[in-house]
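Next comes final.cif, with mmCIF, C-alpha atoms; chains and numbers go by the auth columns.
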data_coords
loop_
_atom_site.group_PDB
_atom_site.id
_atom_site.type_symbol
_atom_site.label_atom_id
_atom_site.label_comp_id
_atom_site.label_asym_id
_atom_site.label_seq_id
_atom_site.Cartn_x
_atom_site.Cartn_y
_atom_site.Cartn_z
_atom_site.B_iso_or_equiv
_atom_site.auth_seq_id
_atom_site.auth_asym_id
ATOM 1 C CA ALA A 1 5.148 -2.937 -18.114 0.00 160 P
ATOM 2 C CA VAL A 2 1.503 -3.664 -18.790 0.00 161 P
ATOM 3 C CA VAL A 3 -0.560 -3.792 -15.646 0.00 162 P
ATOM 4 C CA SER A 4 -4.044 -5.236 -15.559 0.00 163 P
ATOM 5 C CA THR A 5 -6.310 -3.483 -13.109 0.00 164 P
ATOM 6 C CA GLN A 6 -10.016 -3.650 -12.393 0.00 165 P
ATOM 7 C CA SER A 7 -10.200 -0.771 -9.907 0.00 166 P
ATOM 8 C CA THR A 8 -10.132 1.867 -12.645 0.00 167 P
ATOM 9 C CA GLY A 9 -12.554 0.020 -14.898 0.00 168 P
ATOM 10 C CA GLU A 10 -9.946 -0.360 -17.607 0.00 169 P
ATOM 11 C CA GLU A 11 -8.708 -3.769 -18.699 0.00 170 P
ATOM 12 C CA ASN A 12 -5.080 -2.856 -19.382 0.00 171 P
ATOM 13 C CA MET A 13 -3.065 0.192 -18.504 0.00 172 P
ATOM 14 C CA ILE A 14 0.510 0.851 -19.455 0.00 173 P
ATOM 15 C CA ILE A 15 2.560 1.906 -16.465 0.00 174 P
ATOM 16 C CA THR A 16 5.719 3.581 -17.708 0.00 175 P
ATOM 17 C CA GLY A 17 7.075 5.184 -14.563 0.00 176 P
ATOM 18 C CA ALA A 18 6.630 6.329 -11.014 0.00 177 P
ATOM 19 C CA ARG A 19 4.399 9.248 -12.030 0.00 178 P
ATOM 20 C CA ASP A 20 1.868 6.782 -13.462 0.00 179 P
ATOM 21 C CA CYS A 21 1.984 4.849 -10.185 0.00 180 P
ATOM 22 C CA LEU A 22 1.411 8.036 -8.154 0.00 181 P
ATOM 23 C CA CYS A 23 -1.548 8.945 -10.342 0.00 182 P
ATOM 24 C CA LEU A 24 -3.161 5.554 -9.683 0.00 183 P
ATOM 25 C CA MET A 25 -2.282 5.765 -5.985 0.00 184 P
ATOM 26 C CA SER A 26 -4.042 9.143 -5.782 0.00 185 P
ATOM 27 C CA SER A 27 -7.286 7.581 -7.006 0.00 186 P
ATOM 28 C CA GLY A 28 -6.941 4.926 -4.299 0.00 187 P
ATOM 29 C CA SER A 29 -6.865 1.170 -3.889 0.00 188 P
ATOM 30 C CA ASP A 30 -8.517 -1.361 -1.611 0.00 189 P
ATOM 31 C CA PHE A 31 -6.189 -3.482 0.510 0.00 190 P
ATOM 32 C CA ILE A 32 -6.433 -5.931 3.367 0.00 191 P
ATOM 33 C CA LYS A 33 -4.530 -4.414 6.282 0.00 192 P
ATOM 34 C CA ILE A 34 -2.846 -7.138 8.322 0.00 193 P
ATOM 35 C CA LYS A 35 -2.401 -6.352 12.020 0.00 194 P
ATOM 36 C CA PRO A 36 -0.489 -8.294 14.688 0.00 195 P
ATOM 37 C CA GLY A 37 -2.557 -10.920 16.447 0.00 196 P
ATOM 38 C CA ALA A 38 -4.122 -12.278 13.248 0.00 197 P
ATOM 39 C CA ARG A 39 -6.446 -9.309 12.710 0.00 198 P
ATOM 40 C CA GLU A 40 -7.340 -8.279 9.171 0.00 199 P
ATOM 41 C CA PHE A 41 -9.344 -5.317 7.928 0.00 200 P
ATOM 42 C CA GLN A 42 -10.263 -4.156 4.447 0.00 201 P
ATOM 43 C CA ARG A 43 -9.348 -0.500 3.987 0.00 202 P
ATOM 44 C CA HIS A 44 -9.268 2.009 1.133 0.00 203 P
ATOM 45 C CA PHE A 45 -5.821 3.613 0.809 0.00 204 P
ATOM 46 C CA TYR A 46 -4.956 6.683 -1.232 0.00 205 P
ATOM 47 C CA PHE A 47 -2.004 9.003 -1.746 0.00 206 P
ATOM 48 C CA ASN A 48 -2.510 12.725 -1.145 0.00 207 P
ATOM 49 C CA GLN A 49 -0.070 14.526 -3.458 0.00 208 P
ATOM 50 C CA ASP A 50 -0.628 17.901 -1.761 0.00 209 P
ATOM 51 C CA THR A 51 0.428 16.756 1.706 0.00 210 P
ATOM 52 C CA LEU A 52 2.695 13.862 0.615 0.00 211 P
ATOM 53 C CA SER A 53 0.830 11.429 2.826 0.00 212 P
ATOM 54 C CA ILE A 54 -0.891 8.049 2.638 0.00 213 P
ATOM 55 C CA HIS A 55 -4.425 7.907 4.097 0.00 214 P
ATOM 56 C CA TRP A 56 -6.804 5.032 4.750 0.00 215 P
ATOM 57 C CA VAL A 57 -10.497 4.727 5.558 0.00 216 P
ATOM 58 C CA PRO A 58 -12.450 3.597 7.442 0.00 217 P
ATOM 59 C CA SER A 59 -10.509 3.859 10.651 0.00 218 P
ATOM 60 C CA ARG A 60 -11.547 4.443 14.243 0.00 219 P
ATOM 61 C CA LYS A 61 -8.317 6.303 14.895 0.00 220 P
ATOM 62 C CA LYS A 62 -7.817 9.942 14.033 0.00 221 P
ATOM 63 C CA ALA A 63 -4.284 9.212 12.834 0.00 222 P
ATOM 64 C CA SER A 64 -5.276 7.164 9.808 0.00 223 P
ATOM 65 C CA LYS A 65 -2.443 8.538 7.735 0.00 224 P
ATOM 66 C CA VAL A 66 1.300 8.337 7.430 0.00 225 P
ATOM 67 C CA MET A 67 3.570 11.010 6.030 0.00 226 P
ATOM 68 C CA VAL A 68 5.974 9.965 3.273 0.00 227 P
ATOM 69 C CA GLU A 69 8.843 11.412 5.346 0.00 228 P
ATOM 70 C CA ASP A 70 8.031 8.828 8.065 0.00 229 P
ATOM 71 C CA ILE A 71 8.508 5.887 5.662 0.00 230 P
ATOM 72 C CA MET A 72 11.897 4.215 5.944 0.00 231 P
ATOM 73 C CA SER A 73 11.437 1.605 3.201 0.00 232 P
ATOM 74 C CA VAL A 74 8.904 -0.521 1.338 0.00 233 P
ATOM 75 C CA GLN A 75 9.282 -4.309 1.194 0.00 234 P
ATOM 76 C CA MET A 76 7.589 -6.602 -1.293 0.00 235 P
ATOM 77 C CA GLY A 77 6.376 -9.951 0.022 0.00 236 P
ATOM 78 C CA GLN A 78 5.533 -11.311 3.466 0.00 237 P
ATOM 79 C CA LYS A 79 8.545 -10.432 5.604 0.00 238 P
ATOM 80 C CA THR A 80 7.009 -9.094 8.825 0.00 239 P
ATOM 81 C CA GLU A 81 5.677 -10.785 11.940 0.00 240 P
ATOM 82 C CA SER A 82 2.128 -9.719 11.026 0.00 241 P
ATOM 83 C CA PHE A 83 2.282 -11.807 7.859 0.00 242 P
ATOM 84 C CA ARG A 84 3.833 -14.769 9.681 0.00 243 P
ATOM 85 C CA THR A 85 0.914 -14.837 12.131 0.00 244 P
ATOM 86 C CA ALA A 86 -1.833 -14.025 9.587 0.00 245 P
ATOM 87 C CA VAL A 87 -4.867 -16.312 9.609 0.00 246 P
ATOM 88 C CA ASN A 88 -5.219 -16.429 5.837 0.00 247 P
ATOM 89 C CA GLU A 89 -2.578 -17.211 3.255 0.00 248 P
ATOM 90 C CA TYR A 90 -2.028 -14.731 0.450 0.00 249 P
ATOM 91 C CA PRO A 91 0.147 -14.792 -2.672 0.00 250 P
ATOM 92 C CA SER A 92 3.450 -13.038 -1.905 0.00 251 P
ATOM 93 C CA SER A 93 3.107 -11.064 -5.141 0.00 252 P
ATOM 94 C CA ARG A 94 0.109 -9.236 -3.623 0.00 253 P
ATOM 95 C CA CYS A 95 1.747 -8.488 -0.259 0.00 254 P
ATOM 96 C CA PHE A 96 3.949 -5.610 0.854 0.00 255 P
ATOM 97 C CA SER A 97 4.954 -3.732 3.979 0.00 256 P
ATOM 98 C CA ILE A 98 5.506 -0.032 4.534 0.00 257 P
ATOM 99 C CA MET A 99 8.321 0.139 7.082 0.00 258 P
ATOM 100 C CA LEU A 100 8.105 3.222 9.293 0.00 259 P
ATOM 101 C CA ARG A 101 10.845 5.113 11.123 0.00 260 P
ATOM 102 C CA ASP A 102 9.281 4.242 14.509 0.00 261 P
ATOM 103 C CA ASN A 103 10.066 0.534 13.830 0.00 262 P
ATOM 104 C CA THR A 104 6.441 -0.343 13.042 0.00 263 P
ATOM 105 C CA SER A 105 4.990 -1.423 9.712 0.00 264 P
ATOM 106 C CA ILE A 106 1.807 -1.175 7.722 0.00 265 P
ATOM 107 C CA ASP A 107 1.275 -4.625 6.177 0.00 266 P
ATOM 108 C CA LEU A 108 -1.005 -4.792 3.154 0.00 267 P
ATOM 109 C CA VAL A 109 -2.454 -7.310 0.712 0.00 268 P
ATOM 110 C CA ALA A 110 -3.679 -6.062 -2.657 0.00 269 P
ATOM 111 C CA LEU A 111 -7.097 -7.336 -3.724 0.00 270 P
ATOM 112 C CA ILE A 112 -6.319 -6.836 -7.413 0.00 271 P
ATOM 113 C CA PRO A 113 -3.276 -8.384 -9.130 0.00 272 P
ATOM 114 C CA ASN A 114 -0.411 -5.936 -9.743 0.00 273 P
ATOM 115 C CA GLU A 115 -1.706 -3.222 -7.401 0.00 274 P
ATOM 116 C CA ALA A 116 0.973 -4.157 -4.868 0.00 275 P
ATOM 117 C CA TYR A 117 3.591 -3.563 -7.592 0.00 276 P
ATOM 118 C CA ILE A 118 2.121 -0.129 -8.394 0.00 277 P
ATOM 119 C CA TRP A 119 2.174 0.961 -4.745 0.00 278 P
ATOM 120 C CA VAL A 120 5.627 -0.474 -4.014 0.00 279 P
ATOM 121 C CA LYS A 121 7.119 1.250 -7.059 0.00 280 P
ATOM 122 C CA GLY A 122 5.383 4.558 -6.295 0.00 281 P
ATOM 123 C CA LEU A 123 6.251 4.533 -2.598 0.00 282 P
ATOM 124 C CA ARG A 124 9.870 3.581 -3.217 0.00 283 P
ATOM 125 C CA CYS A 125 10.244 6.477 -5.632 0.00 284 P
ATOM 126 C CA LEU A 126 8.676 8.869 -3.108 0.00 285 P
ATOM 127 C CA VAL A 127 10.962 7.648 -0.324 0.00 286 P
ATOM 128 C CA THR A 128 14.139 7.895 -2.421 0.00 287 P
ATOM 129 C CA GLY A 129 13.075 11.063 -4.229 0.00 288 P
ATOM 130 C CA GLY A 130 13.541 9.366 -7.607 0.00 289 P
ATOM 131 C CA LEU A 131 10.463 10.105 -9.712 0.00 290 P
ATOM 132 C CA GLY A 132 10.944 8.887 -13.250 0.00 291 P
#
Do you think you could lay out the structure here as structure tokens?
Amino acid sequence: AVVSTQSTGEENMIITGARDCLCLMSSGSDFIKIKPGAREFQRHFYFNQDTLSIHWVPSRKKASKVMVEDIMSVQMGQKTESFRTAVNEYPSSRCFSIMLRDNTSIDLVALIPNEAYIWVKGLRCLVTGGLG
């Protein structure tokens, strides 16, 4: 698949597998983090390959990370309550949710087309252990 991205400064990149997604995730992406109660915050997310964790900044909380082992699944689209109560409307193709084992979710909107796809594919492969 050819993915157009502006965050890396390149017009077109060819994403051939999960390893390519993880490489892009390691360099980070900007997302809108949707919180319950119609709160939205722009945050920079990145994947730390050494600790197998997702981090985001800025955050007032010390626990601004989630371990891959705590991720139950990753859902594309706007399927959580946070999205249903969001103030702004976003294209479903840019939205996804990281579903955690404690029955909470991290709901994100990609600012750049196709970045949601990259993160969903990469995270799903990490969760299932299927890097290809």
Q. Excluding same-chain residues fewer than 2 positions from region 198-207 of chain P, what lies within 12 Å of it counting all atoms listed in the file, as a ChimeraX atom specification?
A. /P:166,180-196,209-219,223-227,241-242,244-248,265-270,274-275,278,281-282,285
In Å and to one decimal, CA of Lys238 (chain P) is distant from CA of Asp261 (chain P) by 17.2 Å
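Take CA of Gly176 (chain P) and CA of Thr239 (chain P): the distance between them is 27.4 Å.
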Pick from P:Met235, P:Val286, P:Ala197, P:Cys254, whichever lies nearest to Ile271 (chain P) using all atoms listed in the file |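 Nearest to Ile271 (chain P): P:Cys254.
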| request: For Met231 (chain P), work out the shell of residues within 10 Å, counting all atoms listed in the file and skipping chain neighbours fewer than 2 positions away, then give it as an MDAnalysis selection string. | output: chainID P and resid 227:229 233 257:262 264 283 286:287
